[in-house]
Each structure stands twice: as C-alpha cells, then as structure tokens.
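Structure file coords_35.cif (mmCIF, C-alpha atoms and all ligand atoms) follows.
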data_input
#
loop_
_atom_site.label_atom_id
_atom_site.label_comp_id
_atom_site.auth_asym_id
_atom_site.auth_seq_id
_atom_site.Cartn_x
_atom_site.Cartn_y
_atom_site.Cartn_z
CA MET C 2 11.50 24.53 17.74
CA GLN C 3 9.24 22.00 19.30
CA ILE C 4 8.01 19.91 16.37
CA THR C 5 5.15 17.47 16.83
CA VAL C 6 4.26 14.67 14.46
CA LEU C 7 0.72 13.43 15.03
CA ASP C 8 -0.75 10.11 13.94
CA ASP C 9 2.48 8.34 13.03
CA TYR C 10 0.53 5.17 13.60
CA GLN C 11 3.02 3.04 11.72
CA ASP C 12 5.87 4.41 13.82
CA ALA C 13 7.66 5.26 10.58
CA VAL C 14 9.11 8.73 11.10
CA ARG C 15 11.99 7.85 13.42
CA LYS C 16 13.16 5.20 10.97
CA LEU C 17 13.43 7.59 8.03
CA ASP C 18 16.81 8.90 6.89
CA CYS C 19 15.28 12.31 6.27
CA ALA C 20 14.39 12.69 9.98
CA GLN C 21 18.02 13.77 10.45
CA GLN C 22 16.98 17.13 8.99
CA LEU C 23 15.25 17.80 12.30
CA ASP C 24 18.32 17.16 14.46
CA GLY C 25 18.70 20.00 16.90
CA HIS C 26 14.94 20.49 17.20
CA ASP C 27 12.78 19.04 19.94
CA LEU C 28 10.88 16.32 18.03
CA LYS C 29 7.78 14.73 19.57
CA ILE C 30 6.14 11.85 17.75
CA PHE C 31 2.76 10.42 18.66
CA ASN C 32 1.63 7.15 17.16
CA ASN C 33 -1.76 6.96 18.77
CA THR C 34 -4.55 9.20 17.55
CA VAL C 35 -6.52 11.31 19.99
CA LYS C 36 -9.48 13.24 18.70
CA GLY C 37 -10.90 15.43 21.49
CA VAL C 38 -9.96 19.11 21.54
CA GLY C 39 -9.08 18.83 25.24
CA GLN C 40 -6.57 15.98 24.84
CA LEU C 41 -5.14 17.36 21.61
CA SER C 42 -4.59 20.82 23.03
CA VAL C 43 -2.62 19.31 25.91
CA ARG C 44 -0.54 17.41 23.35
CA LEU C 45 0.05 20.57 21.31
CA ARG C 46 0.48 23.07 24.18
CA ASP C 47 4.16 23.79 23.47
CA THR C 48 4.24 22.82 19.80
CA GLN C 49 5.57 25.37 17.33
CA ALA C 50 5.50 23.26 14.18
CA LEU C 51 3.00 20.48 13.59
CA VAL C 52 3.31 17.71 11.01
CA LEU C 53 0.05 16.06 10.02
CA ILE C 54 -0.15 12.67 8.35
CA ARG C 55 -3.28 12.31 6.22
CA ASP C 56 -6.52 13.67 7.62
CA ARG C 57 -6.99 11.86 10.90
CA THR C 58 -6.67 14.96 13.05
CA VAL C 59 -9.18 17.74 12.60
CA LEU C 60 -7.58 21.15 13.16
CA SER C 61 -10.65 23.20 14.03
CA ARG C 62 -10.62 26.86 15.04
CA GLN C 63 -11.56 25.74 18.55
CA LEU C 64 -8.45 23.56 18.77
CA LEU C 65 -6.14 26.05 17.06
CA GLU C 66 -7.15 28.75 19.52
CA LYS C 67 -5.88 26.47 22.28
CA CYS C 68 -2.43 26.06 20.69
CA PRO C 69 -0.76 29.32 21.73
CA LYS C 70 2.71 28.57 20.40
CA LEU C 71 1.77 27.03 17.07
CA GLN C 72 3.38 28.82 14.12
CA LEU C 73 3.36 26.25 11.34
CA VAL C 74 1.16 23.35 10.21
CA VAL C 75 2.66 21.05 7.58
CA GLN C 76 0.58 18.37 5.88
CA THR C 77 2.27 15.38 4.24
CA GLY C 78 0.10 15.53 1.13
CA ARG C 79 -2.74 17.82 0.25
CA ILE C 80 -4.58 19.90 2.83
CA GLY C 81 -8.22 18.85 2.99
CA PRO C 82 -11.29 20.08 4.84
CA HIS C 83 -9.83 18.74 8.11
CA VAL C 84 -7.67 21.88 8.45
CA ASP C 85 -9.39 25.22 9.01
CA VAL C 86 -6.96 27.24 6.91
CA GLN C 87 -8.87 30.49 7.47
CA ALA C 88 -8.62 30.03 11.24
CA CYS C 89 -4.89 29.35 10.86
CA SER C 90 -4.48 32.56 8.86
CA ASP C 91 -6.47 34.56 11.42
CA LEU C 92 -4.29 33.19 14.21
CA GLY C 93 -1.06 33.83 12.31
CA ILE C 94 -0.31 30.15 11.72
CA ALA C 95 1.37 29.30 8.42
CA VAL C 96 0.01 26.26 6.57
CA ALA C 97 2.00 24.23 4.06
CA ASP C 98 1.09 21.13 2.16
CA GLY C 99 2.95 18.71 -0.08
CA GLN C 100 2.62 16.50 -3.09
CA THR C 101 2.02 12.80 -2.89
CA ASP C 102 2.95 10.63 -5.84
CA PRO C 103 -0.24 9.47 -7.61
CA GLY C 104 1.57 6.42 -8.96
CA VAL C 105 1.94 4.96 -5.48
CA THR C 106 -1.81 4.82 -4.87
CA ALA C 107 -2.48 3.80 -8.46
CA GLU C 108 -0.20 0.77 -8.01
CA LEU C 109 -1.99 -0.31 -4.82
CA THR C 110 -5.31 0.13 -6.60
CA TRP C 111 -4.18 -2.19 -9.36
CA ALA C 112 -2.79 -4.68 -6.85
CA LEU C 113 -6.30 -4.80 -5.38
CA VAL C 114 -7.97 -5.11 -8.78
CA LEU C 115 -5.75 -8.01 -9.82
CA ALA C 116 -6.03 -9.70 -6.44
CA ALA C 117 -9.81 -9.45 -6.41
CA MET C 118 -10.40 -10.44 -10.02
CA ARG C 119 -8.09 -13.47 -9.84
CA ARG C 120 -9.13 -14.34 -6.24
CA LEU C 121 -5.56 -14.22 -5.01
CA PRO C 122 -6.28 -13.96 -1.26
CA GLN C 123 -8.47 -17.06 -1.45
CA TYR C 124 -6.03 -19.10 -3.56
CA VAL C 125 -3.07 -18.15 -1.37
CA ALA C 126 -4.97 -19.01 1.81
CA SER C 127 -6.26 -22.32 0.46
CA LEU C 128 -2.79 -23.40 -0.72
CA LYS C 129 -1.36 -22.54 2.69
CA HIS C 130 -3.96 -24.87 4.11
CA GLY C 131 -2.76 -27.65 1.80
CA ALA C 132 -5.43 -27.46 -0.91
CA TRP C 133 -4.24 -27.46 -4.54
CA GLN C 134 -7.45 -26.01 -6.04
CA GLN C 135 -6.22 -25.39 -9.55
CA ALA C 136 -9.60 -26.01 -11.14
CA GLY C 137 -11.21 -23.25 -9.09
CA LEU C 138 -11.84 -22.56 -5.46
CA LYS C 139 -14.61 -24.54 -3.87
CA SER C 140 -16.47 -23.19 -0.93
CA GLN C 141 -20.12 -23.36 0.02
CA SER C 142 -20.07 -19.69 0.88
CA MET C 143 -18.96 -18.66 -2.62
CA PRO C 144 -21.29 -17.99 -5.52
CA PRO C 145 -21.08 -20.41 -8.51
CA ASN C 146 -17.93 -19.90 -10.62
CA PHE C 147 -16.58 -17.39 -8.09
CA GLY C 148 -13.47 -19.50 -7.67
CA LEU C 149 -12.44 -19.40 -11.30
CA GLY C 150 -11.50 -15.74 -11.32
CA GLN C 151 -11.88 -13.25 -14.16
CA ARG C 152 -9.51 -11.77 -16.73
CA LEU C 153 -9.20 -8.02 -17.27
CA ALA C 154 -8.59 -7.89 -21.03
CA GLY C 155 -11.72 -6.91 -22.92
CA LYS C 156 -13.56 -5.84 -19.79
CA THR C 157 -14.73 -2.31 -19.00
CA LEU C 158 -12.96 -0.19 -16.40
CA GLY C 159 -15.02 2.68 -15.00
CA ILE C 160 -13.32 5.62 -13.33
CA TRP C 161 -15.11 8.28 -11.32
CA GLY C 162 -12.67 11.07 -10.39
CA TYR C 163 -10.40 11.68 -13.36
CA GLY C 164 -7.72 13.55 -11.42
CA ARG C 165 -4.08 12.70 -10.74
CA ILE C 166 -4.72 9.13 -9.59
CA GLY C 167 -7.71 8.52 -11.84
CA GLN C 168 -5.65 9.34 -14.93
CA ARG C 169 -2.94 6.83 -13.91
CA ILE C 170 -5.60 4.21 -13.32
CA ALA C 171 -6.88 4.83 -16.83
CA ARG C 172 -3.43 4.41 -18.40
CA TYR C 173 -2.77 1.19 -16.52
CA GLY C 174 -6.23 -0.06 -17.50
CA GLN C 175 -5.42 0.52 -21.16
CA ALA C 176 -2.20 -1.47 -20.68
CA PHE C 177 -4.39 -4.39 -19.58
CA ASP C 178 -6.40 -4.02 -22.80
CA MET C 179 -9.45 -2.80 -20.95
CA ARG C 180 -12.10 -0.51 -22.36
CA VAL C 181 -11.83 2.58 -20.13
CA GLN C 182 -14.82 4.81 -19.42
CA VAL C 183 -15.01 7.89 -17.24
CA TRP C 184 -17.93 9.40 -15.37
CA GLY C 185 -18.00 12.64 -13.43
CA SER C 186 -17.98 16.34 -14.19
CA GLU C 187 -18.38 17.60 -17.74
CA ALA C 188 -14.74 18.72 -17.58
CA SER C 189 -13.55 15.24 -16.57
CA ARG C 190 -15.55 13.55 -19.31
CA THR C 191 -14.37 16.02 -21.94
CA ARG C 192 -10.74 15.57 -20.88
CA ALA C 193 -11.15 11.79 -20.94
CA ALA C 194 -12.71 11.89 -24.42
CA GLU C 195 -9.87 14.13 -25.65
CA GLN C 196 -7.45 11.52 -24.37
CA GLY C 197 -9.13 8.76 -26.34
CA LEU C 198 -11.20 7.29 -23.50
CA LEU C 199 -14.92 6.78 -23.39
CA ALA C 200 -17.17 9.18 -21.55
CA ALA C 201 -20.03 7.20 -19.99
CA GLU C 202 -23.42 8.22 -21.34
CA SER C 203 -25.17 8.35 -18.02
CA ARG C 204 -24.59 7.61 -14.37
CA GLU C 205 -26.82 4.56 -14.65
CA ALA C 206 -24.95 3.21 -17.67
CA PHE C 207 -21.63 3.84 -15.92
CA PHE C 208 -22.59 1.66 -12.94
CA ALA C 209 -24.33 -0.98 -15.03
CA THR C 210 -21.52 -1.46 -17.57
CA SER C 211 -18.31 -1.14 -15.53
CA ASP C 212 -16.80 -4.55 -14.76
CA VAL C 213 -14.26 -2.81 -12.53
CA LEU C 214 -15.44 0.51 -11.11
CA SER C 215 -12.81 2.53 -9.29
CA LEU C 216 -13.41 5.69 -7.25
CA HIS C 217 -10.82 8.48 -7.30
CA LEU C 218 -12.78 11.53 -6.22
CA ARG C 219 -11.69 13.91 -3.54
CA LEU C 220 -13.96 14.11 -0.53
CA THR C 221 -15.71 17.49 -0.46
CA ASP C 222 -19.13 18.65 0.68
CA ALA C 223 -20.28 17.96 -2.89
CA THR C 224 -18.91 14.42 -3.05
CA ARG C 225 -19.77 13.25 0.48
CA HIS C 226 -22.21 10.31 0.26
CA LEU C 227 -22.39 10.83 -3.50
CA ILE C 228 -22.59 7.13 -4.28
CA THR C 229 -25.74 5.44 -3.09
CA LEU C 230 -27.05 1.92 -2.67
CA ALA C 231 -29.19 2.55 -5.76
CA ASP C 232 -26.04 3.23 -7.81
CA LEU C 233 -24.26 0.13 -6.53
CA SER C 234 -27.32 -2.03 -7.11
CA LEU C 235 -26.99 -1.31 -10.82
CA MET C 236 -23.64 -3.11 -10.90
CA GLN C 237 -23.34 -6.68 -12.17
CA PRO C 238 -22.92 -9.70 -9.86
CA THR C 239 -19.49 -10.27 -11.46
CA SER C 240 -18.35 -6.65 -11.10
CA LEU C 241 -15.80 -5.17 -8.71
CA LEU C 242 -16.10 -1.88 -6.83
CA VAL C 243 -12.74 -0.43 -5.74
CA ASN C 244 -12.37 2.36 -3.21
CA THR C 245 -8.88 3.63 -2.46
CA ALA C 246 -10.13 7.23 -2.25
CA ARG C 247 -12.31 8.01 0.78
CA PRO C 248 -15.00 5.99 2.60
CA ASP C 249 -17.44 8.87 2.87
CA LEU C 250 -17.82 9.09 -0.90
CA LEU C 251 -20.31 6.27 -0.34
CA ALA C 252 -23.55 6.59 1.58
CA PRO C 253 -23.24 5.02 5.06
CA ASP C 254 -23.49 1.22 4.96
CA ALA C 255 -24.29 1.23 1.22
CA LEU C 256 -21.36 -0.98 0.25
CA VAL C 257 -22.04 -3.70 2.80
CA ALA C 258 -25.73 -3.73 1.88
CA ALA C 259 -24.88 -3.91 -1.82
CA LEU C 260 -22.38 -6.75 -1.35
CA ASN C 261 -24.90 -8.66 0.72
CA ARG C 262 -27.31 -8.38 -2.21
CA GLY C 263 -24.56 -9.55 -4.58
CA ARG C 264 -24.47 -6.37 -6.68
CA PRO C 265 -21.62 -5.71 -7.10
CA GLY C 266 -20.26 -9.19 -6.52
CA LEU C 267 -16.85 -7.98 -5.33
CA ALA C 268 -15.26 -5.07 -3.48
CA ALA C 269 -11.72 -3.98 -2.73
CA VAL C 270 -11.35 -1.27 -0.12
CA ASP C 271 -8.37 0.59 1.38
CA VAL C 272 -10.19 3.33 3.32
CA PHE C 273 -12.67 3.07 6.19
CA GLU C 274 -14.93 5.38 8.20
CA ALA C 275 -13.13 4.44 11.40
CA GLU C 276 -9.41 3.72 11.12
CA PRO C 277 -8.10 1.39 12.33
CA ILE C 278 -11.16 -0.55 11.16
CA LEU C 279 -13.06 -2.18 14.00
CA GLN C 280 -12.51 -5.93 14.24
CA GLY C 281 -15.78 -7.61 13.37
CA HIS C 282 -16.57 -4.98 10.72
CA PRO C 283 -18.81 -6.67 8.12
CA LEU C 284 -16.33 -5.91 5.30
CA LEU C 285 -13.70 -8.01 7.07
CA ARG C 286 -16.09 -10.95 7.24
CA LEU C 287 -17.42 -10.88 3.69
CA GLU C 288 -15.74 -13.43 1.42
CA ASN C 289 -16.21 -11.15 -1.59
CA ALA C 290 -14.44 -8.13 -0.07
CA ILE C 291 -10.68 -7.55 0.08
CA CYS C 292 -9.54 -4.94 2.59
CA THR C 293 -6.17 -3.29 3.15
CA PRO C 294 -5.30 -0.99 6.08
CA HIS C 295 -5.12 2.36 4.20
CA ILE C 296 -1.81 1.63 2.55
CA GLY C 297 -2.43 3.41 -0.74
CA PHE C 298 0.29 5.96 0.08
CA VAL C 299 2.45 3.67 2.20
CA GLU C 300 5.67 2.71 0.46
CA GLN C 301 9.31 3.10 1.51
CA ASP C 302 10.48 5.67 -1.05
CA HIS C 303 7.20 7.56 -0.84
CA TYR C 304 7.49 7.93 2.92
CA GLU C 305 10.97 9.35 2.47
CA GLN C 306 9.71 11.77 -0.19
CA MET C 307 6.68 12.96 1.78
CA PHE C 308 8.50 13.50 5.04
CA ALA C 309 11.64 14.93 3.45
CA GLN C 310 9.41 17.55 1.84
CA ALA C 311 7.63 18.27 5.13
CA PHE C 312 10.86 18.49 7.12
CA GLN C 313 12.45 20.75 4.50
CA THR C 314 9.47 23.08 4.81
CA ILE C 315 10.02 23.23 8.57
CA ALA C 316 13.74 23.89 8.15
CA GLN C 317 12.97 26.72 5.70
CA PHE C 318 10.37 28.17 8.04
CA ALA C 319 12.81 28.04 10.98
CA ALA C 320 15.21 30.04 8.78
CA GLY C 321 12.50 32.66 8.20
CA ASP C 322 11.39 31.48 4.73
CA LEU C 323 7.59 31.47 4.38
CA SER C 324 7.50 30.64 0.67
CA ALA C 325 6.00 27.15 1.15
CA ALA C 326 2.98 28.48 3.07
CA ILE C 327 -0.25 28.32 1.07
CA ASN C 328 -1.62 31.17 3.22
CA ALA C 329 1.53 33.32 3.26
CA GLY C 330 -0.25 36.36 1.84
CA ASP C 331 -3.15 36.02 4.22
CA LEU C 332 -1.36 35.60 7.55
CA SER C 333 -2.35 37.79 10.46
CA PRO C 334 0.72 39.65 11.75
CA ARG C 335 0.29 38.31 15.29
CA ARG C 336 2.73 35.49 14.64
CA PRO C 337 5.98 35.41 12.63
N1 LIG C 401 -5.58 5.30 -0.19
C1 LIG C 401 -4.62 6.19 -0.08
O1 LIG C 401 -3.63 5.98 0.62
C2 LIG C 401 -4.70 7.47 -0.85
C3 LIG C 401 -5.90 8.00 -1.21
N2 LIG C 401 -5.97 9.17 -1.89
C4 LIG C 401 -7.30 9.67 -2.25
O2 LIG C 401 -7.47 9.46 -3.64
C5 LIG C 401 -8.42 10.41 -4.14
C6 LIG C 401 -7.91 11.02 -5.43
O3 LIG C 401 -6.73 11.76 -5.18
P1 LIG C 401 -6.07 12.64 -6.33
O4 LIG C 401 -6.18 11.93 -7.63
O5 LIG C 401 -4.76 13.07 -5.83
O6 LIG C 401 -7.08 13.89 -6.35
P2 LIG C 401 -7.32 14.95 -7.52
O7 LIG C 401 -7.77 16.20 -6.87
O8 LIG C 401 -6.18 15.00 -8.46
O9 LIG C 401 -8.55 14.31 -8.31
C7 LIG C 401 -9.80 14.14 -7.73
C8 LIG C 401 -10.87 14.14 -8.78
O10 LIG C 401 -12.07 14.41 -8.17
C9 LIG C 401 -12.83 15.25 -9.03
N3 LIG C 401 -13.83 15.96 -8.26
C10 LIG C 401 -13.66 16.80 -7.23
N4 LIG C 401 -14.86 17.26 -6.81
C11 LIG C 401 -15.78 16.68 -7.61
C12 LIG C 401 -17.22 16.76 -7.70
N5 LIG C 401 -17.95 17.56 -6.91
N6 LIG C 401 -17.86 15.99 -8.62
C13 LIG C 401 -17.14 15.22 -9.46
N7 LIG C 401 -15.79 15.15 -9.45
C14 LIG C 401 -15.14 15.87 -8.53
C15 LIG C 401 -11.85 16.16 -9.61
O11 LIG C 401 -12.32 16.73 -10.79
C16 LIG C 401 -10.71 15.22 -9.85
O12 LIG C 401 -10.87 14.68 -11.12
C17 LIG C 401 -8.65 11.39 -3.01
O13 LIG C 401 -9.84 11.03 -2.36
C18 LIG C 401 -7.49 11.15 -2.08
O14 LIG C 401 -7.80 11.50 -0.77
C19 LIG C 401 -4.86 9.84 -2.28
C20 LIG C 401 -3.61 9.35 -1.95
C21 LIG C 401 -3.44 8.16 -1.17
O1 LIG C 402 -5.03 8.77 1.89
C1 LIG C 402 -4.09 9.40 1.68
C2 LIG C 402 -4.08 10.67 0.97
O2 LIG C 402 -2.99 11.18 0.66
O3 LIG C 402 -5.16 11.21 0.69
#
Please express what this file holds, its structure, as structure tokens.
Ligand SMILES: NC(=O)C1=CN([C@@H]2O[C@H](COP(=O)(O)OP(=O)(O)OC[C@H]3O[C@@H](n4cnc5c(N)ncnc54)[C@H](O)[C@@H]3O)[C@@H](O)[C@H]2O)C=CC1
Ligand SMILES: O=CC(=O)O
Amino acid sequence: MQITVLDDYQDAVRKLDCAQQLDGHDLKIFNNTVKGVGQLSVRLRDTQALVLIRDRTVLSRQLLEKCPKLQLVVQTGRIGPHVDVQACSDLGIAVADGQTDPGVTAELTWALVLAAMRRLPQYVASLKHGAWQQAGLKSQSMPPNFGLGQRLAGKTLGIWGYGRIGQRIARYGQAFDMRVQVWGSEASRTRAAEQGLLAAESREAFFATSDVLSLHLRLTDATRHLITLADLSLMQPTSLLVNTARPDLLAPDALVAALNRGRPGLAAVDVFEAEPILQGHPLLRLENAICTPHIGFVEQDHYEQMFAQAFQTIAQFAAGDLSAAINAGDLSPRRP
C-alpha cells in the first residue's frame, strides 16, 4: 500500500521503533503542512492509507473526492470535526481513530501551572543572565509582587470540561491540596459533585473565584468561542488561565485583550489558532503569558503508543480486517 503520513512536523515517525510495522509498504512522510485542496490532492493522489496527526489537515468531501485511491484514514487520537466521516463512508473510505493517554496532557498542563504560578521561566532566564533574585524578580514591566510567585495549596482550581483530561487535572489538583471546582454541563457538575468536588454555582462565580482556571473542553460547534472577554474579565489579577485544549474555545483575541487589562494576571497556553504560532504574536511578547508549541501530547512513549496503534490498524486493514473502522457498518461498497 502507499501510506502517507501528513503533518509529521516534528519529523518523529521515521525515528519510532514501531515504524518497522510498515516495512514492505511504500511510506511517504510529509513534515510540512499544506492546506489547499489542490496541493493536498496532488500529495494524496496515489495514497491508499492516510495517517493524520492531530487536526491540522481538514479532510473535506471536496478533498476526499479528489483522492481516488484512498481506502483508509487513520487518526492518531480522536477523530474531530476536521474529518468528514459521512463523506468517507459515502466514498467507501474506512475511518479509524485511536486513544491518546489523558495523563500525558494532564502532566503538561500541570507543568504549565507550576511554571506560571512560581514564575519559573522568569527565574530561570534571570539566573542564566547572572541575577540571583531570590527575594523576588524585579522588572519594571512586572506588576507589584509578580516576582514572588504563588503557592497552590489552599487555592481554588477551576475546571471547565470534566472529561478524560479534566478528571486527571482534578485529581492532581487535589494532590496539591487545592479546592477543586467544576463548571460545565449539568452532567459534568453532577459527576464532579458525586466525586467529592465542588460544582460552581454560576458561570460568573466560576470565573471570579478560580485562582487557576483550566480548560479541557472539546471543540465543537457548541463550544467554539464559548469563552468571552466578559468571562475572562471576571478573573482576578492574580489568577491563571490555562488552555491546553483548543484555541477556538475562546473568542478571537479575547485572551490577549484580557491579559492586557490584567484580568486574569497570567496565562499558560499550548494551543494556537495558527500553528506554528506566528513570531511576533502578542502572547509571545507578554511577560505574563507562558507558551509551549502544542506539546500536550508530545512525549516519547506516547508517540510510540499512538503510532503503534495507527500502524497496527493499517496492518490489520491490509490483511482485510475492518474491525477498527468507526464507520465499518456504514461503508459504501465501492471500495474494499
Ligand atoms: N494540547 C494537547 O496536546 C492535547 C489537547 N487535547 C485537547 O484536550 C481537550 C480535552 O480532551 P479530552 O479530555 O480527551 O476530551 P473528552 O471528550 O474526554 O472531554 C471533553 C469534555 O468536554 C465536555 N463538553 C463537550 N461538549 C461540551 C459542551 N457543549 N458544553 C460543555 N461541555 C462540553 C465533555 O462533557 C467533556 O467533559 C480537547 O480539546 C482535546 O482536543 C487533547 C490531547 C492533547
Ligand atoms: O492536541 C492534541 C489532541 O490529541 O487533541
């Protein structure tokens, strides 16, 4: 089979042990992202199995119709709205997705929380420049007391999106002796209350009382631009907003505007509207924002797990086994 891996922007796949599973197949790996249907269809003209990393490539009906040999789409992680599964089914293309480990993103989220609350990037940078600023960082561009950092114990952690990752975040928050509160659907709040957490009384109270507010919603039509500047403006000047979920959960430009107003006082962000983030993006310039290059899922063992699962699905498919396809029962008979 000709197997194409799109968006391997970290050039990771060739280095993985599990890539050996694809020996004997014609493997094409692209580590630059192209978005136009025209360019992508040229790239995918002879592809029979396609491996997608995250949701950078939109597989629209228009594109899929221009991929005459495509038989299988495999996502490393959950399929999202970027894949038109109905169009795949209509065209006889099997679609399979995989599990990511929620703990991997939860750990990165906590790395960001600790780094932001204790001002690690600033302390590390200042020490590298020869300054031993043990009594607090001093910089004209920082608000008063910014450089002293804040402890977690006794503070309130707010979680919106009490799913796989959100529930890990809650457990780790309890381990730091934080008061954990959940906002979101009635079901999420009920589940949180059953598990001994607090269910926030209102959206306003949730934003106003969370010292660390972490987003773990999925991006859907219902959650797109759900969080507004008005919500963020309710946060305290000492509070931290963390987004390792999706950028479009927030209204466009709301976070930068809110940080510029000092409410919340801090942000930690792993996901951006345009990735790679454009140099000169305001979030990269703001002293009170920590940014990482979408590495919530990036970790050695996790890469092996995600790709091993994807490559196993391809090997099964090549052997005629369709059991991993989420649309197996719905496939048009035009393709095997
Ligand atoms: N930074 C990174 O590398 C990674 C980011 N992610 C992102 O983390 C987020 C969470 O992922 P998981 O925990 O695996 O997802 P999940 O599906 O287990 O949980 C998502 C939560 O969103 C809630 N939700 C969905 N629609 C909602 C709505 N209309 N209103 C209120 N709540 C709603 C669900 O009830 C659920 O509690 C996703 O956005 C995912 O894309 C996931 C893995 C890695
Ligand atoms: O951002 C990564 C994901 O799995 O979602």
I want to know what sits within 8 Å of Thr5 of chain C, based on all atoms listed in the file, with residues of the same chain fewer than 2 positions away left out; could you give that as an mmCIF file with C-alpha atoms, in the coordinates of the input?
data_model
loop_
_atom_site.group_PDB
_atom_site.id
_atom_site.type_symbol
_atom_site.label_atom_id
_atom_site.label_comp_id
_atom_site.auth_asym_id
_atom_site.auth_seq_id
_atom_site.Cartn_x
_atom_site.Cartn_y
_atom_site.Cartn_z
ATOM 1 C CA GLN C 3 9.240 22.000 19.300
ATOM 2 C CA LEU C 7 0.720 13.430 15.030
ATOM 3 C CA LEU C 28 10.880 16.320 18.030
ATOM 4 C CA LYS C 29 7.780 14.730 19.570
ATOM 5 C CA ILE C 30 6.140 11.850 17.750
ATOM 6 C CA PHE C 31 2.760 10.420 18.660
ATOM 7 C CA LEU C 45 0.050 20.570 21.310
ATOM 8 C CA THR C 48 4.240 22.820 19.800
ATOM 9 C CA GLN C 49 5.570 25.370 17.330
ATOM 10 C CA ALA C 50 5.500 23.260 14.180
ATOM 11 C CA LEU C 51 3.000 20.480 13.590
ATOM 12 C CA VAL C 52 3.310 17.710 11.010
#
Which residues of chain C have any atom within 6 Å of an atom in ligand LIG 401 (chain C) when counting only C-alpha atoms and all ligand atoms, and what is the closest pair of atoms for each, with the distance in Å to one decimal? Order the rows by chain and rising number and write it as CSV.
residue,atom,partner,partner_atom,distance
C:Thr106,CA,C:LIG401,C21,5.2
C:Gly162,CA,C:LIG401,C8,3.9
C:Tyr163,CA,C:LIG401,O12,3.8
C:Gly164,CA,C:LIG401,O9,3.3
C:Arg165,CA,C:LIG401,O4,3.8
C:Ile166,CA,C:LIG401,O4,3.7
C:Gly167,CA,C:LIG401,O4,5.6
C:Gly185,CA,C:LIG401,C13,4.8
C:Ser186,CA,C:LIG401,C13,4.9
C:His217,CA,C:LIG401,C6,4.3
C:Leu218,CA,C:LIG401,O10,3.5
C:Arg219,CA,C:LIG401,O13,3.6
C:Leu220,CA,C:LIG401,O13,5.5
C:Ala223,CA,C:LIG401,N5,4.7
C:Thr224,CA,C:LIG401,N5,5.1
C:Thr245,CA,C:LIG401,N1,4.3
C:Ala246,CA,C:LIG401,C4,3.7
C:Arg247,CA,C:LIG401,O13,5.0
C:Asp271,CA,C:LIG401,N1,5.7
C:His295,CA,C:LIG401,N1,5.3
C:Ile296,CA,C:LIG401,O1,5.1
C:Gly297,CA,C:LIG401,O1,3.1
C:Phe298,CA,C:LIG401,O1,4.0
Find the distance between atom CA of Gly155 of chain C and atom CA of Met179 of chain C and write it in Å to one decimal.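 It comes out at 5.1 Å.
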Please determine, counting all atoms listed in the file, which residue among C:Ile170, C:Val272, C:Ala259, C:Ser189 has the shortest atom-to-atom distance to Val105 of chain C. C:Ile170
Axis-aligned box for all listed atoms of ligand LIG 402 (chain C), 8 Å per side, centre and edges in Å to one decimal, as AutoDock Vina command-line options:
--center_x -4.1 --center_y 10.0 --center_z 1.3 --size_x 18.2 --size_y 18.4 --size_z 17.2
Distance in Å - atom CA of Arg264 of chain C versus atom CA of Ser234 of chain C: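 If I compute the distance from atom CA of Arg264 of chain C to atom CA of Ser234 of chain C, I get 5.2 Å.
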I'd like the contact shell of Lys139 of chain C - 12 Å cut-off, all atoms listed in the file, skipping same-chain residues fewer than 2 positions apart - returned as a list in words.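 The residues satisfying every condition are Arg120, Gln123, Tyr124, Ser127, Ala132, Trp133, Gln134, Gln135, Ala136, Gly137, Gln141, Ser142, Met143, Pro144, Pro145, Asn146, Phe147, Gly148, Leu149 and Gly150 of chain C.
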What is the distance, in Å and to one decimal place, between atom CA of Ala116 of chain C and atom CA of Arg225 of chain C?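 Taking atom CA of Ala116 of chain C and atom CA of Arg225 of chain C, their separation equals 27.6 Å.
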Could you check the closest approach to ligand LIG 402 (chain C) for each of C:Gln72, C:Thr77, C:Asn328, C:Ser61 and tell me which residue wins, using only C-alpha atoms and all ligand atoms? C:Thr77
Within 10 Å of (-23.4, 8.5, -14.4) (file coordinates; all atoms listed in the file), which protein or nucleic acid residues are there? I'd like them as a PyMOL selection string. chain C and resi 161+183-186+200-209+232
Using all atoms listed in the file, which of the listed residues (C:Asn244, C:Thr191, C:Gln175, C:Ser333) sits closest to ligand LIG 402 (chain C)?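 Going through C:Asn244, C:Thr191, C:Gln175, C:Ser333 one by one, the smallest distance to ligand LIG 402 (chain C) is for C:Asn244.
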Of the listed residues C:Ala252, C:Leu53, C:Leu65, C:Leu158, that which approaches ligand LIG 402 (chain C) most closely, counting all atoms listed in the file: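 Ranked by minimum distance to ligand LIG 402 (chain C), first place goes to C:Leu53.
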For Arg15 of chain C: contacts at 12 Å, all atoms listed in the file, fewer than 6 positions along chain excluded, given as a PyMOL selection string: chain C and resi 6+9+21-24+28-32+304-305+308
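Proximity ranking of C:Cys68, C:Val125, C:Leu227, C:Ile80 relative to ligand LIG 402 (chain C) places C:Ile80 first, based on all atoms listed in the file.
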